[in-house]
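Each remark here refers to the structure printed beneath this line.
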Number of protein chains: 2
Amino acid sequence: MELLKKKILEEGEVIGDDILKVDSFLNHQLDIKFLNEVGKEFWLKFRNDKVTKILTIESSGIAIAVMAAQYFDVPVVFAKKNISRNLETEIYTSEVFSFTKGTTYQIKVAKKYITAEDRILIIDDFLANGRAVLGLKDIIEQAGANLIGAGIVIEKGFQQGGKNLREAGVNVYSLAIIESMKGGKIVFREN
Amino acid sequence: MELLKKKILEEGEVIGDDILKVDSFLNHQLDIKFLNEVGKEFWLKFRNDKVTKILTIESSGIAIAVMAAQYFDVPVVFAKKNISRNLETEIYTSEVFSFTKGTTYQIKVAKKYITAEDRILIIDDFLANGRAVLGLKDIIEQAGANLIGAGIVIEKGFQQGGKNLREAGVNVYSLAIIESMKGGKIVFREN
């Protein structure tokens, strides 16, 4: 997605060799018109796949999932990371290891919001080691639902998540794949 | 907002005398068409107030803020609750006491995303004790920006947040105010 690559180059900030900050439009401040275009891109890719629900994880995935859901005309379910006394007792859970934080956390989805009839599109902002998407995939499998694919805004192609998920048969569609950020220079993978 | 009240009565679940679960459309699964109507309601109320930015807190506020922002044609900034190594070092912080969790947490907004020229509308899903909105108000004041008002989906009128905020001069606009949930029976405040 050329508009995305342009924004990454103009507004992204590389820290070290592997962190990309895109807080000006994706992870802290949200550029609504741009995110609408992102949602539309996911719809163009998956519009014939009879998606019934979009699944994401709080927090950064929510805005993108909502934008896409407007095009698909389906509900969004966001997996919760934190224990909440308001959360359903009948839940699917999965463990996700966070390389960023060096800890494992649980993600949770109330059972009643995913059924075996659902055809689910996962949407998330970043794909690096792929653990978050694997956790969502695990929950979808627990529910006996169908995983249609994963729409990712930015994939770090120099990490293993995208490769592992594709080898596991997941239809991963990333709007931009970064091949390298060495020395602060962002190189995209050619389409 | 009649549609909201209808959904609360049909889909909401009261736990004890003070917890309202609306996970089917607002806090876990997101009913996109409905949230679009919610966003439009906030726009109808504040459309003449020259809002330049919508401020919310992760996670449950994000979807509503994004929907409203489409009507206002302004960016959303969501305050972060957790420490992230990707977050800006130049940040405004404020302390928020959570009655639900019994702990105090910090909310953070990168300084560059709120300026003294901004006219800010706060949007959030619930208003109970009002501590989250007070934290956002504190950050807006630290930035020297203008607080236009607070758009709330569900206000618990039997708790003190709404009263305190209105007495502090905040233009609070709640789409539904619950007067009581005693014995599981939801009673709305008359407009």
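Ligands are numbered from 1 in the order shown, residues from 1 within each chain, and chains are lettered A, B, ... in the order they appear in the structure tokens.
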
For a quick test of understanding: name the residues of chain A lying within 6 Å of chain B when counting only C-alpha atoms, and present them as a ChimeraX atom specification.
/A:28-32,59,63,75-78

Check the DSSP output for the backbone and give back, as a PyMOL selection string, the residues of range 67-159 of chain A in alpha helix (DSSP H).
chain A and resi 67-72+131-142

Suppose we keep C-alpha atoms; can you now write the selection as a PDB file, in the first residue's frame?
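Okay, this is what ended up in selection_9.pdb:
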ATOM      1  CA  MET A  67     -12.546   0.697  10.114  1.00  0.00           C
ATOM      2  CA  ALA A  68     -12.393  -2.560   8.209  1.00  0.00           C
ATOM      3  CA  ALA A  69     -15.610  -3.783   9.840  1.00  0.00           C
ATOM      4  CA  GLN A  70     -17.493  -0.828   8.365  1.00  0.00           C
ATOM      5  CA  TYR A  71     -16.703  -2.154   4.903  1.00  0.00           C
ATOM      6  CA  PHE A  72     -17.394  -5.808   5.726  1.00  0.00           C
ATOM      7  CA  ARG A 131       2.767 -14.682  18.756  1.00  0.00           C
ATOM      8  CA  ALA A 132      -0.338 -12.486  19.050  1.00  0.00           C
ATOM      9  CA  VAL A 133      -1.792 -13.839  15.796  1.00  0.00           C
ATOM     10  CA  LEU A 134      -0.947 -17.397  16.873  1.00  0.00           C
ATOM     11  CA  GLY A 135      -2.834 -16.783  20.122  1.00  0.00           C
ATOM     12  CA  LEU A 136      -5.879 -15.555  18.193  1.00  0.00           C
ATOM     13  CA  LYS A 137      -5.582 -18.511  15.813  1.00  0.00           C
ATOM     14  CA  ASP A 138      -5.543 -20.829  18.822  1.00  0.00           C
ATOM     15  CA  ILE A 139      -8.746 -19.266  20.164  1.00  0.00           C
ATOM     16  CA  ILE A 140     -10.435 -19.542  16.753  1.00  0.00           C
ATOM     17  CA  GLU A 141      -9.498 -23.230  16.651  1.00  0.00           C
ATOM     18  CA  GLN A 142     -10.791 -23.798  20.176  1.00  0.00           C
TER      19      GLN A 142
END

Which neighbours of Phe46 in chain B fall inside 9 Å, counting only C-alpha atoms, when residues of the same chain fewer than 2 positions from it are skipped, and could you give them as an MDAnalysis selection string?
chainID B and resid 41:44 48:51 72 121 148:149 151

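Separating CA of Lys163 in chain B from CA of Leu4 in chain B is a distance of 21.4 Å.
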
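Relative to CA of Asp124 in chain A, CA of Leu165 in chain A is found at 13.8 Å.
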
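The space between CA of Glu117 in chain A and CA of Ser94 in chain A spans 20.5 Å.
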
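For the residues B:Glu179, B:Gly157, B:Ile120, B:Glu37, ranking by smallest atom-to-atom distance to Gly144 in chain B using only C-alpha atoms places B:Ile120 first.
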
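Proximity to Thr56 in chain A was assessed for A:Ile154, A:Val187, A:Ile123, A:Met181 counting only C-alpha atoms; the smallest distance is recorded for A:Ile123.
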
Determine which residues of chain A receive a DSSP assignment of strand (DSSP E), computed from the backbone, and state them as a PyMOL selection string.
chain A and resi 13-15+19-21+29-30+53-57+76-79+91-98+103-110+119-127+146-156+172-180+187-188
